[in-house]
Amino acid sequence: MNHGLRATLAFTFMAAMLLAVGFGQSWNLALAILNLCLISAVMSLGVNIQWGYAGLFNAGVMAFTALGGLAAVLISVAPVPEAWAAGGLNMGLAVLIIAATVALIYVLRKSLPGGALRKLITAIIVIASLYLLRKFYSPGVEAIEAVNPAKTGYLGGLGMPIVLAWLIGGLFAAAVAWIIGKVSLGLRADYLAIATLGISEIVIAIIKNEDWLARGVKNVSGLKRPVPYEYNLQNSQWFIDLVEKISASKLAALTDPAAKQAALQQLVIESSSIFVKLSYSVLFTVVLLIILWFCTRALNSPWGRMMRAIRDNEEAANAMGKDVTGRHLQVFVLGCAVLGIAGAMLTTLDGQFTPASYQPLRYTFLIWVMVIVGGSGNNLGAVLGGFLIWFTWIEAEPASLFLMELITAPMAEGNAIREHLLESAPHLRLFLMGLVLLLVLRFSPGGLLPERVRHV
Amino acid sequence: MTILVGENMTGGYGGADILHSCTVGVDRGEIAVIVGPNGAGKSTAMKAMLGMLQLREGRVVYNDKDITQLTPQDRVAEGIAFVPQTNNIFTTMTVEENLQMGGYLRDSGIDQTIQQIYELFPILAEKRRQAAGELSGGQRQQVAVGRAMMTEPAVLMLDEPTAGVSPIVMDELFDRIIEVKRTGVAVLMVEQNARQALNIADKAYVLVTGENRHTGTGSELLADAEVRKSFLGG
Amino acid sequence: MPETTDILNALVLFGNFVFMPALSYGSQLALGALGVTLLFGILRFANFAHGDTMAFGAMVAVLVTWWLQSLGVSLGPLPTALLALPVAILATSLLVLLFDKYVYRYYRKQKSPPVMLAIVSVGVMFMTNAIVRFIIGPDDQRFSDGQKFLVRARDFKEATGLNEGIAIKTSSVITIVVTVVVVVALFWFLNRSKTGKAMRAFSDNEDLALLSGVNPDRIVLITWLITAALATIAGVLYGLDKSFKPFTYFQMLLPIFAAAIVGGIGQPVGAILGGYIIAFSELAVTYAYKKFFRYLLPEGSEPDSLVQLLSTDYKFAVSFIILVVVLLVRPTGIVKGKVI
């Protein structure tokens with residue numbers, strides 16, 4: 001089967017599945033799944049840039065999506081002036097101290113030759129600055145977190161449109177990725193995986209515990225949306241008119257004006273929620289298409305060819321004078337930036353930032369399954385993987401419950417084994433994901449839409 | 001009568017043939033060397049005799065037995081030992097452990113053989129408890145040869161044993177190899193240092209592009225004007 | 001100058017809250033890191049499923065312990081889980097051998113790059129994780145029994161007359177004793193036995209080991225068996241010391257990897273060193289020294305803050321920072337390990 005046909009078929013199938021959910025379950029659910037499919041597709045593209053183009057194993061996807069989410073909070077939430085007044089100065093000084101320390105160490109490394117003396121001085125500077133930092137940082141944090149802790153207790157954000165955070169989220173993720181890449185690239189391939197696994201734990205720990213930053217596990221909710229609110233829609237005449245127009249035939253069947261009014265109201269409520277989700281879908285699709293366009297361009301450019309050459313034979317590329325580590329750093333940072341964008345989109349969609357919800361299986365390794373099942377190295381494949389795996393992930397839960405009910409049907413109500421099986425059914429989808437990953441890796445290592453290998 | 005011979009060997013590593021009907025053999029108690037320019041297929045010929053590449057034509061005969069289909073491991077078990085050019089010792093293990101690993105397939109008499117090898121290579125006895133990776137280049141080659149000798153082989157194959165060692169160490173190594181020969185072992189080696197190798201060779205093969213160009217005793221080839229002109233720099 | 005009893009009090013305090021816990025946590029990490037490092041040395045990949053393998057082994061031990069407890073079997077002052085250990089090791093060995101046969105072997109024969117095997121291990125991680133959660137659930141389970149303390153803090157105080165006491169938990173002592181026994185046995189095996197030497201040879205130079213007649217399938221089999229045993233023992237000891245919760249085992253991956261790399265990956269001695277380094281740093285950095293200094297410093301100059309370098313929430317940061325420093329300064333680890 002040729003590649004184009006295969007991709008068309010796969011995406012048609014995906015669309016049919018979503019439509020089936022729409023008709024069979026509800027349009028609200030179908031759109032909810034679609035939106036997360038779109039975000040998953042962006043994440044999957046991000047990992048594909050790293051793994052598919054360059055063969056880099058990023059085990060910290062979760063951290064980069066969380067950084068995007070953090071950006072959503074820091075950009076969109078209104079600032080808390082009281083908190084700034086209480087602890088702003090201290091925090092500012094803390095930032096200055098950090099900057100000064102970094103600058104001092106930089107100068108030191110430039111001016112002094114390497115050796116025991118330099119190490120000693122570096123250590124002294126670090127310890128001294130840590131001591132100074134505590135002096136300002138701790139009271140600052142205390143003061144900020146004391147400001148109306150039930151509602152704020154943090155510095156707040158910039159009060160800007162949340163869509164801007166999608167960009168900033170990408171930058172946040174890219175900045176952290178640069179540091180991690182700088183440290184661990186150029187060593188063994190799996191060191192990057194271990195280092196990213198570490199950074200993911202730490203980023204989440206920081207976000208959970210630094211309440212002054214984004215309220216930690218107390219969560220920030222009610223993030224401003226880039227799309228209308230259901231409530232406003234329901235009270236807008238244009239929207240009611242629109243709903244009336246669309247469902248005119250349905251309403252015409254009703255003769256009783258009161259019943260007609262009630263039906264219209266019901267329709268307006270349902271449609272408002274669908275409209276909101278649809279608006280998100282449009283926004284996400286635009287982002288996905290833009291990133292996809294860039295990815296496709298990049299992959300087919302000389303740069304993309306070089307990346308693949310490096311991936312397929314690092315030694316030869318090195319021997320030809322290619323800066324392998326430098327290229328890897330580039331591609332790693334780019335991939336993480338895409339993950340940050342996706343993370344910011346996700347938090348925007350949720351309307352809240354809940355650090356405790358970041359779990360590595362869901363936010364790191366599930367994305368990996370998407371890329372590998374979809375087709376590593378192929379952008380469309382990664383997108384398909386994002387759609388398919390997210391869909392499966394969501395629908396596998398009711399499916400495994402159904403399966404367990406079927407299996408346990410002959411057992412008596414209240415049977416302990418039956419209860420246990422029913423209760424444990426949701427974990428089956430983890431098993432399914434592992435199995436799918438292993439099956440694809442083994443029997444179709446290129447994924448559903450394999451990378452096109454051009455023979456020049 | 002030769003104990004190990006590769007007859008009319010033709011083949012390569014999957015792609016184009018590297019060897020073209022090449023014949024190389026060695027008998028007990030003699031040193032046979034393969035010399036020739038770079039890319040002549042010297043190492044390939046030796047590896048073919050060990051079974052590390054599939055021959056398209058020709059055969060390898062050992063002790064009157066056709067062993068062309070045996071795996072390298074089986075040939076080692078039959079009594080053919082091989083010392084690769086690089087990575088030929090266990091660097092993190094002690095000298096003694098290297099020797100023990102050489103005798104891995106044997107059930108008994110290992111300690112005795114180790115003693116014999118220590119007699120052959122006295123420096124190894126001295127360094128027995130040291131990690132092999134810490135030794136000098138010449139000493140490492142002795143460990144490598146010693147490890148191969150642990151199977152009490154009938155044939156010892158050496159792939160450029162003197163690559164990268166100083167001339168003094170090279171002479172020392174050749175002396176040791178002559179002693180190995182005197183124990184009745186057939187020694188087959190590939191050498192870059194053609195003149196010195198021919199000096200100790202009982203039998204020598206000059207290979208060019210995978211074919212036999214000259215064959216004779218070491219002194220015959222050294223005396224051959226054409227060989228001298230083409231391969232020994234005059 | 002503080003008085004002698006104050007110095008003693010400070011030391012006892014430190015011993016009780018940093019030294020003892022670090023010793024047992026370090027032992028658990030060391031056992032985990034040994035498994036990772038052996039697998040790395042022989043099969044040459046970073047096994048992301050190791051944490052979940054530990055969870056699986058510990059789960060079997062929990063279930064068998066419950067069953068034994070229901071039968072009324074007990075070891076007296078010792079936890080019943082020790083009796084369950086052999087069964088758990090057996091079950092875990094079976095699990096990893098199944099995964100090896102149906103999953104890893106294929107890639108080994110294909111000579112896939114290490115990073116491919118690491119990704120494959122992610123699939124195995126998913127499945128193992130699901131099995132554990134399906135059987136026992138994601139929640140905390142307690143299974144330790146027997147005598148909780150060998151020495152109670154109160155008894156210690158009474159015996160010595162100090163203000164502070166050292167409480168010696170049975171689980172800590174068991175952890176340390178078991179670790180010593182396991183490590184001694186492992187090192188004897190690796191350095192003295194023929195098979196152990198063959199394993200080291202295989203790890204050092206695979207081609208030459210094959211040329212020497214080492215059977216790779218046998219080496220791989222033995223490596224998996226040892227890894228399974230180490231993972232189970234580490235998992236059970238950790239569970240006895242703290243409690244059994246599947247997710248915590250996944251989270252132990254980071255300190256375990258860090259320990260293996262810090263020590264020098266592929267180096268058993270390094271793994272043990274690394275385990276203790278990580279554990280001691282973690283506890284020393286997250287301990288609040290306020291009381292400690294109150295004993296040592298003259299009156300009036302006691303610190304008013306907690307004197308805690310990092311909150312315990314950031315204990316992962318400790319392993320990570322050590323990992324980063326090692327990658328920057330000495331990527332081969334303390335005992336020179338494999339670096340390409």
# chains A, B, ... in the order shown; residues from 1 in each chain; ligands from 1
$ residues_around --residues "region 49-53 of chain B" --least-positions-apart "3" --cutoff "12 Å" --atoms "only C-alpha atoms" --output "MDAnalysis selection string"
(chainID B and resid 4:15 17:19 22:26 42:46 56:62 66:84 155:159 188:189) or (chainID C and resid 207 211)
$ interface_residues --of "chain A" --to "chain C" --cutoff "8 Å" --atoms "only C-alpha atoms" --output "mmCIF file with C-alpha atoms, in the first residue's frame"
data_model
loop_
_atom_site.group_PDB
_atom_site.id
_atom_site.type_symbol
_atom_site.label_atom_id
_atom_site.label_comp_id
_atom_site.auth_asym_id
_atom_site.auth_seq_id
_atom_site.Cartn_x
_atom_site.Cartn_y
_atom_site.Cartn_z
ATOM 1 C CA PHE A 57 15.294 9.027 24.516
ATOM 2 C CA VAL A 183 24.876 18.105 30.770
ATOM 3 C CA SER A 184 23.876 14.744 29.411
ATOM 4 C CA LEU A 187 27.601 10.801 26.736
ATOM 5 C CA ARG A 188 26.004 7.386 26.454
ATOM 6 C CA ALA A 189 22.602 7.454 24.765
ATOM 7 C CA ASP A 190 20.751 6.241 27.838
ATOM 8 C CA ILE A 194 18.127 8.914 33.066
ATOM 9 C CA ALA A 195 18.874 12.625 33.374
ATOM 10 C CA LEU A 197 13.797 11.050 34.237
ATOM 11 C CA GLY A 198 15.462 12.943 37.060
ATOM 12 C CA ILE A 199 14.516 16.399 35.851
ATOM 13 C CA GLU A 201 10.749 14.274 39.139
ATOM 14 C CA ILE A 202 12.336 17.528 40.202
ATOM 15 C CA ALA A 205 8.470 18.387 43.030
ATOM 16 C CA ILE A 206 9.221 22.094 42.665
ATOM 17 C CA ASN A 209 6.045 22.421 46.802
ATOM 18 C CA LEU A 361 2.985 6.776 32.968
ATOM 19 C CA PHE A 365 5.483 6.949 28.675
ATOM 20 C CA LEU A 421 -11.587 -7.815 39.399
ATOM 21 C CA SER A 424 -8.902 -3.455 39.212
ATOM 22 C CA ALA A 425 -10.247 -3.366 35.681
ATOM 23 C CA HIS A 427 -5.394 -0.982 35.424
ATOM 24 C CA LEU A 428 -5.800 -3.292 32.467
ATOM 25 C CA ARG A 429 -5.302 -0.420 30.094
ATOM 26 C CA LEU A 430 -1.734 -0.034 31.327
ATOM 27 C CA PHE A 431 -1.200 -3.637 30.402
ATOM 28 C CA LEU A 432 -2.763 -3.020 27.034
ATOM 29 C CA MET A 433 -0.480 -0.046 26.387
ATOM 30 C CA GLY A 434 2.622 -2.044 27.272
ATOM 31 C CA LEU A 435 1.471 -4.888 25.082
ATOM 32 C CA LEU A 437 4.098 -0.945 22.498
ATOM 33 C CA LEU A 438 5.928 -4.254 22.544
ATOM 34 C CA LEU A 441 8.230 -2.588 18.336
#
$ interface_residues --of "chain B" --to "chain C" --cutoff "8 Å" --atoms "only C-alpha atoms" --output "list in words"
Pro72, Gln73, Val76, Ala77, Asn87, Asn88, Ile89, Phe90, Thr91, Thr92, Met93, Glu97, Met101, Gly102, Gly103, Tyr104 and Leu105 of chain B
$ residues_around --residues "Gly140 (chain A)" --least-positions-apart "4" --cutoff "9 Å" --atoms "only C-alpha atoms" --output "list of chain:residue names"
A:Ala86, A:Gly87, A:Gly88, A:Leu89, A:Asn90, A:Met91, A:Ala94, A:Lys135, A:Phe136, A:Ile144, A:Glu145
$ residues_around --residues "region 214-222 of chain B" --least-positions-apart "2" --cutoff "10 Å" --atoms "only C-alpha atoms" --output "ChimeraX atom specification"
/B:23-24,31-36,194-208,211-212,224-228,231-232
$ residues_around --residues "Leu273 (chain C)" --least-positions-apart "5" --cutoff "8 Å" --atoms "only C-alpha atoms" --output "tab-separated table (two decimals) with N, CA, C and O atoms, in the first residue's frame"
chain	number	residue	atom	x	y	z
C	30	ALA	N	21.54	0.12	47.19
C	30	ALA	CA	22.70	-0.62	46.68
C	30	ALA	C	22.25	-1.91	46.01
C	30	ALA	O	22.71	-2.25	44.92
C	259	ALA	N	22.63	5.99	41.62
C	259	ALA	CA	23.64	5.23	42.37
C	259	ALA	C	24.52	4.44	41.41
C	259	ALA	O	25.74	4.43	41.55
C	263	GLY	N	28.48	5.39	40.93
C	263	GLY	CA	29.50	4.39	41.25
C	263	GLY	C	30.32	3.97	40.04
C	263	GLY	O	31.44	3.51	40.18
$ select_by_dssp --residues "region 2-226 of chain B" --states "alpha helix (DSSP H)" --output "VMD selection string"
chain B and resid 42 to 50 72 to 78 95 to 102 110 to 120 122 to 126 137 to 149 167 to 182 194 to 200 218 to 223 225 to 226
$ residues_around --residues "Val338 (chain A)" --least-positions-apart "5" --cutoff "12 Å" --atoms "only C-alpha atoms" --output "JSON, numbers by chain"
{"A": [39, 40, 41, 42, 43, 44, 45, 46, 47, 48, 49, 50, 61, 64, 65, 67, 68, 166, 167, 168, 169, 170, 171, 172, 173, 174, 177, 287, 288, 290, 291, 292, 294, 295, 331, 332, 333, 343, 344, 345]}
$ write_last_selection --atoms "N, CA and C atoms" --output "short mmCIF file (atom, residue, chain, number, x, y, z; two decimals), in the first residue's frame"
data_model
loop_
_atom_site.label_atom_id
_atom_site.label_comp_id
_atom_site.auth_asym_id
_atom_site.auth_seq_id
_atom_site.Cartn_x
_atom_site.Cartn_y
_atom_site.Cartn_z
N ILE A 39 -4.08 17.62 21.39
CA ILE A 39 -2.95 17.95 22.26
C ILE A 39 -1.95 16.80 22.28
N SER A 40 -2.48 15.58 22.37
CA SER A 40 -1.59 14.41 22.36
C SER A 40 -0.78 14.38 21.08
N ALA A 41 -1.42 14.76 19.98
CA ALA A 41 -0.72 14.74 18.69
C ALA A 41 0.45 15.72 18.72
N VAL A 42 0.23 16.88 19.35
CA VAL A 42 1.33 17.86 19.44
C VAL A 42 2.46 17.29 20.30
N MET A 43 2.09 16.70 21.45
CA MET A 43 3.12 16.10 22.31
C MET A 43 3.89 15.03 21.54
N SER A 44 3.12 14.23 20.83
CA SER A 44 3.71 13.13 20.08
C SER A 44 4.68 13.68 19.02
N LEU A 45 4.31 14.80 18.40
CA LEU A 45 5.22 15.43 17.44
C LEU A 45 6.51 15.85 18.14
N GLY A 46 6.35 16.38 19.35
CA GLY A 46 7.54 16.82 20.10
C GLY A 46 8.49 15.67 20.37
N VAL A 47 7.93 14.54 20.82
CA VAL A 47 8.79 13.38 21.10
C VAL A 47 9.34 12.82 19.80
N ASN A 48 8.55 12.91 18.75
CA ASN A 48 9.00 12.40 17.46
C ASN A 48 10.21 13.18 16.95
N ILE A 49 10.21 14.48 17.21
CA ILE A 49 11.35 15.29 16.79
C ILE A 49 12.61 14.73 17.43
N GLN A 50 12.48 14.33 18.71
CA GLN A 50 13.65 13.85 19.43
C GLN A 50 14.00 12.40 19.09
N VAL A 61 9.25 13.68 29.57
CA VAL A 61 8.22 14.42 28.83
C VAL A 61 7.31 15.17 29.79
N PHE A 64 8.30 18.66 30.89
CA PHE A 64 8.20 19.73 29.91
C PHE A 64 6.75 20.14 29.68
N THR A 65 5.84 19.18 29.77
CA THR A 65 4.43 19.56 29.67
C THR A 65 4.01 20.34 30.92
N LEU A 67 5.91 22.27 32.66
CA LEU A 67 6.46 23.62 32.54
C LEU A 67 5.55 24.47 31.66
N GLY A 68 5.02 23.87 30.62
CA GLY A 68 4.05 24.58 29.78
C GLY A 68 2.84 24.98 30.60
N TRP A 166 1.16 29.77 25.50
CA TRP A 166 1.53 28.61 24.69
C TRP A 166 2.94 28.80 24.17
N LEU A 167 3.25 30.03 23.80
CA LEU A 167 4.59 30.35 23.31
C LEU A 167 5.60 30.33 24.46
N ILE A 168 5.20 31.01 25.56
CA ILE A 168 6.10 31.11 26.70
C ILE A 168 6.36 29.72 27.28
N GLY A 169 5.31 28.90 27.31
CA GLY A 169 5.48 27.53 27.81
C GLY A 169 6.55 26.80 27.02
N GLY A 170 6.51 26.99 25.71
CA GLY A 170 7.54 26.39 24.86
C GLY A 170 8.92 26.90 25.23
N LEU A 171 9.01 28.19 25.53
CA LEU A 171 10.31 28.77 25.89
C LEU A 171 10.81 28.21 27.23
N PHE A 172 9.90 28.13 28.20
CA PHE A 172 10.27 27.56 29.51
C PHE A 172 10.87 26.17 29.31
N ALA A 173 10.12 25.35 28.58
CA ALA A 173 10.55 23.97 28.38
C ALA A 173 11.89 23.94 27.65
N ALA A 174 12.03 24.81 26.67
CA ALA A 174 13.27 24.84 25.89
C ALA A 174 14.46 25.21 26.78
N ALA A 177 15.34 22.33 28.92
CA ALA A 177 15.90 21.29 28.05
C ALA A 177 17.34 21.60 27.68
N VAL A 287 -2.79 25.19 15.85
CA VAL A 287 -1.44 24.99 16.40
C VAL A 287 -0.81 23.72 15.84
N LEU A 288 -1.61 22.66 15.86
CA LEU A 288 -1.09 21.37 15.37
C LEU A 288 -0.62 21.50 13.93
N ILE A 290 0.29 24.20 12.31
CA ILE A 290 1.50 25.03 12.20
C ILE A 290 2.74 24.21 12.55
N ILE A 291 2.65 23.50 13.70
CA ILE A 291 3.81 22.72 14.12
C ILE A 291 4.11 21.62 13.11
N LEU A 292 3.05 21.00 12.63
CA LEU A 292 3.22 19.93 11.65
C LEU A 292 3.90 20.46 10.39
N PHE A 294 5.90 23.05 10.18
CA PHE A 294 7.31 23.28 10.48
C PHE A 294 8.09 21.96 10.50
N CYS A 295 7.47 20.96 11.14
CA CYS A 295 8.15 19.67 11.26
C CYS A 295 8.42 19.07 9.89
N VAL A 331 18.05 19.63 18.53
CA VAL A 331 16.83 18.88 18.29
C VAL A 331 16.13 18.57 19.61
N PHE A 332 16.92 18.37 20.65
CA PHE A 332 16.32 18.09 21.95
C PHE A 332 15.57 19.32 22.46
N VAL A 333 16.18 20.48 22.33
CA VAL A 333 15.54 21.71 22.78
C VAL A 333 14.27 21.97 21.97
N GLY A 343 1.86 21.30 26.62
CA GLY A 343 1.52 21.34 28.04
C GLY A 343 0.70 22.58 28.39
N ALA A 344 1.08 23.72 27.80
CA ALA A 344 0.34 24.95 28.05
C ALA A 344 -1.08 24.83 27.48
N MET A 345 -1.20 24.21 26.33
CA MET A 345 -2.52 24.01 25.73
C MET A 345 -3.39 23.14 26.62
#
$ residues_around --residues "region 223-238 of chain A" --least-positions-apart "3" --cutoff "9 Å" --atoms "only C-alpha atoms" --output "list in words"
Ala72, Val73, Ser76, Val77, Pro161, Ile162, Val163, Val220, Asp241, Leu242, Val243, Gln265, Val268, Ile269, Ser271, Ser272, Ser273, Phe275, Val276, Lys277, Ser279, Tyr280, Thr347, Thr348, Leu349, Asp350, Gly351, Gln352 and Phe353 of chain A
$ write_last_selection --atoms "N, CA, C and O atoms" --output "JSON list (two decimals), in the first residue's frame"
[["chain", "number", "residue", "atom", "x", "y", "z"],
["A", 72, "ALA", "N", 1.20, 28.70, 31.62],
["A", 72, "ALA", "CA", -0.20, 29.11, 31.46],
["A", 72, "ALA", "C", -0.66, 29.88, 32.69],
["A", 72, "ALA", "O", -1.35, 30.89, 32.59],
["A", 73, "VAL", "N", -0.26, 29.38, 33.87],
["A", 73, "VAL", "CA", -0.64, 30.07, 35.11],
["A", 73, "VAL", "C", 0.06, 31.42, 35.20],
["A", 73, "VAL", "O", -0.57, 32.46, 35.42],
["A", 76, "SER", "N", -1.37, 34.00, 32.54],
["A", 76, "SER", "CA", -2.77, 34.41, 32.43],
["A", 76, "SER", "C", -3.37, 34.92, 33.73],
["A", 76, "SER", "O", -4.25, 35.77, 33.70],
["A", 77, "VAL", "N", -2.89, 34.42, 34.87],
["A", 77, "VAL", "CA", -3.52, 34.81, 36.12],
["A", 77, "VAL", "C", -3.20, 36.26, 36.45],
["A", 77, "VAL", "O", -2.12, 36.75, 36.11],
["A", 161, "PRO", "N", -3.22, 37.46, 28.05],
["A", 161, "PRO", "CA", -4.01, 36.40, 27.42],
["A", 161, "PRO", "C", -3.31, 35.05, 27.48],
["A", 161, "PRO", "O", -2.10, 34.98, 27.25],
["A", 162, "ILE", "N", -4.08, 34.03, 27.75],
["A", 162, "ILE", "CA", -3.46, 32.72, 28.02],
["A", 162, "ILE", "C", -2.81, 32.12, 26.78],
["A", 162, "ILE", "O", -1.89, 31.31, 26.88],
["A", 163, "VAL", "N", -3.29, 32.54, 25.61],
["A", 163, "VAL", "CA", -2.70, 31.97, 24.38],
["A", 163, "VAL", "C", -1.22, 32.33, 24.28],
["A", 163, "VAL", "O", -0.41, 31.55, 23.77],
["A", 220, "VAL", "N", -4.20, 25.96, 40.92],
["A", 220, "VAL", "CA", -4.74, 27.23, 40.47],
["A", 220, "VAL", "C", -5.89, 26.88, 39.54],
["A", 220, "VAL", "O", -5.69, 26.14, 38.57],
["A", 241, "ASP", "N", -30.13, 32.48, 18.70],
["A", 241, "ASP", "CA", -30.67, 32.51, 17.34],
["A", 241, "ASP", "C", -30.03, 31.43, 16.47],
["A", 241, "ASP", "O", -30.71, 30.75, 15.70],
["A", 242, "LEU", "N", -28.72, 31.32, 16.65],
["A", 242, "LEU", "CA", -27.98, 30.33, 15.86],
["A", 242, "LEU", "C", -28.49, 28.92, 16.14],
["A", 242, "LEU", "O", -28.79, 28.15, 15.21],
["A", 243, "VAL", "N", -28.65, 28.62, 17.42],
["A", 243, "VAL", "CA", -29.13, 27.29, 17.81],
["A", 243, "VAL", "C", -30.53, 27.07, 17.25],
["A", 243, "VAL", "O", -30.86, 26.00, 16.72],
["A", 265, "GLN", "N", -34.14, 25.89, 25.23],
["A", 265, "GLN", "CA", -33.21, 26.18, 26.32],
["A", 265, "GLN", "C", -32.23, 25.01, 26.53],
["A", 265, "GLN", "O", -31.03, 25.21, 26.68],
["A", 268, "VAL", "N", -29.79, 24.98, 23.81],
["A", 268, "VAL", "CA", -28.80, 26.05, 23.95],
["A", 268, "VAL", "C", -27.71, 25.64, 24.95],
["A", 268, "VAL", "O", -26.53, 25.84, 24.72],
["A", 269, "ILE", "N", -28.15, 25.03, 26.06],
["A", 269, "ILE", "CA", -27.18, 24.61, 27.08],
["A", 269, "ILE", "C", -26.23, 23.57, 26.50],
["A", 269, "ILE", "O", -25.00, 23.69, 26.60],
["A", 271, "SER", "N", -25.60, 22.98, 23.34],
["A", 271, "SER", "CA", -24.80, 23.51, 22.24],
["A", 271, "SER", "C", -23.70, 24.42, 22.75],
["A", 271, "SER", "O", -22.62, 24.48, 22.14],
["A", 272, "SER", "N", -23.95, 25.13, 23.85],
["A", 272, "SER", "CA", -22.92, 26.04, 24.33],
["A", 272, "SER", "C", -21.67, 25.25, 24.70],
["A", 272, "SER", "O", -20.55, 25.66, 24.39],
["A", 273, "SER", "N", -21.91, 24.13, 25.34],
["A", 273, "SER", "CA", -20.75, 23.32, 25.74],
["A", 273, "SER", "C", -20.04, 22.76, 24.51],
["A", 273, "SER", "O", -18.81, 22.72, 24.45],
["A", 275, "PHE", "N", -20.07, 24.17, 21.59],
["A", 275, "PHE", "CA", -19.45, 25.30, 20.91],
["A", 275, "PHE", "C", -18.08, 25.61, 21.53],
["A", 275, "PHE", "O", -17.11, 25.84, 20.81],
["A", 276, "VAL", "N", -18.05, 25.58, 22.87],
["A", 276, "VAL", "CA", -16.79, 25.87, 23.55],
["A", 276, "VAL", "C", -15.73, 24.85, 23.15],
["A", 276, "VAL", "O", -14.60, 25.19, 22.79],
["A", 277, "LYS", "N", -16.13, 23.58, 23.19],
["A", 277, "LYS", "CA", -15.16, 22.53, 22.86],
["A", 277, "LYS", "C", -14.70, 22.66, 21.41],
["A", 277, "LYS", "O", -13.52, 22.47, 21.10],
["A", 279, "SER", "N", -14.54, 25.37, 19.71],
["A", 279, "SER", "CA", -13.62, 26.50, 19.58],
["A", 279, "SER", "C", -12.20, 26.07, 19.94],
["A", 279, "SER", "O", -11.24, 26.42, 19.28],
["A", 280, "TYR", "N", -12.12, 25.30, 21.04],
["A", 280, "TYR", "CA", -10.81, 24.77, 21.41],
["A", 280, "TYR", "C", -10.25, 23.92, 20.28],
["A", 280, "TYR", "O", -9.07, 24.02, 19.93],
["A", 347, "THR", "N", -3.21, 22.71, 29.89],
["A", 347, "THR", "CA", -3.66, 23.44, 31.08],
["A", 347, "THR", "C", -4.74, 24.45, 30.71],
["A", 347, "THR", "O", -5.70, 24.66, 31.46],
["A", 348, "THR", "N", -4.59, 25.06, 29.55],
["A", 348, "THR", "CA", -5.62, 25.99, 29.08],
["A", 348, "THR", "C", -6.96, 25.28, 28.94],
["A", 348, "THR", "O", -8.00, 25.77, 29.37],
["A", 349, "LEU", "N", -6.91, 24.11, 28.34],
["A", 349, "LEU", "CA", -8.14, 23.35, 28.13],
["A", 349, "LEU", "C", -8.77, 22.95, 29.46],
["A", 349, "LEU", "O", -9.99, 23.07, 29.65],
["A", 350, "ASP", "N", -7.92, 22.52, 30.39],
["A", 350, "ASP", "CA", -8.44, 22.11, 31.70],
["A", 350, "ASP", "C", -8.99, 23.30, 32.48],
["A", 350, "ASP", "O", -9.85, 23.14, 33.34],
["A", 351, "GLY", "N", -8.44, 24.47, 32.21],
["A", 351, "GLY", "CA", -8.86, 25.65, 32.96],
["A", 351, "GLY", "C", -8.27, 25.68, 34.36],
["A", 351, "GLY", "O", -8.56, 26.56, 35.15],
["A", 352, "GLN", "N", -7.42, 24.72, 34.67],
["A", 352, "GLN", "CA", -6.78, 24.72, 35.98],
["A", 352, "GLN", "C", -5.45, 23.98, 35.90],
["A", 352, "GLN", "O", -5.22, 23.18, 34.98],
["A", 353, "PHE", "N", -4.60, 24.30, 36.86],
["A", 353, "PHE", "CA", -3.27, 23.69, 36.89],
["A", 353, "PHE", "C", -3.18, 22.85, 38.15],
["A", 353, "PHE", "O", -3.21, 23.37, 39.26]]
$ atom_distance --atom1 "CA of Thr65 (chain C)" --atom2 "CA of Phe143 (chain C)"
6.9 Å
$ select_by_dssp --residues "region 67-302 of chain C" --states "strand (DSSP E or B)" --output "VMD selection string"
chain C and resid 75 78 141 149 to 151 168 to 169 244 288
$ write_last_selection --atoms "C-alpha atoms" --output "JSON list (two decimals), in the first residue's frame"
[["chain", "number", "residue", "atom", "x", "y", "z"],
["C", 75, "LEU", "CA", 9.03, -16.16, 62.75],
["C", 78, "LEU", "CA", 11.41, -11.54, 62.78],
["C", 141, "GLN", "CA", -0.09, -2.16, 52.02],
["C", 149, "PHE", "CA", 12.35, -2.46, 67.49],
["C", 150, "LEU", "CA", 15.47, -4.24, 68.54],
["C", 151, "VAL", "CA", 16.43, -1.35, 70.80],
["C", 168, "ILE", "CA", 17.19, 0.35, 66.25],
["C", 169, "LYS", "CA", 14.45, -0.99, 64.05],
["C", 244, "PHE", "CA", 4.57, -1.37, 50.16],
["C", 288, "ALA", "CA", 16.78, 19.52, 60.12]]
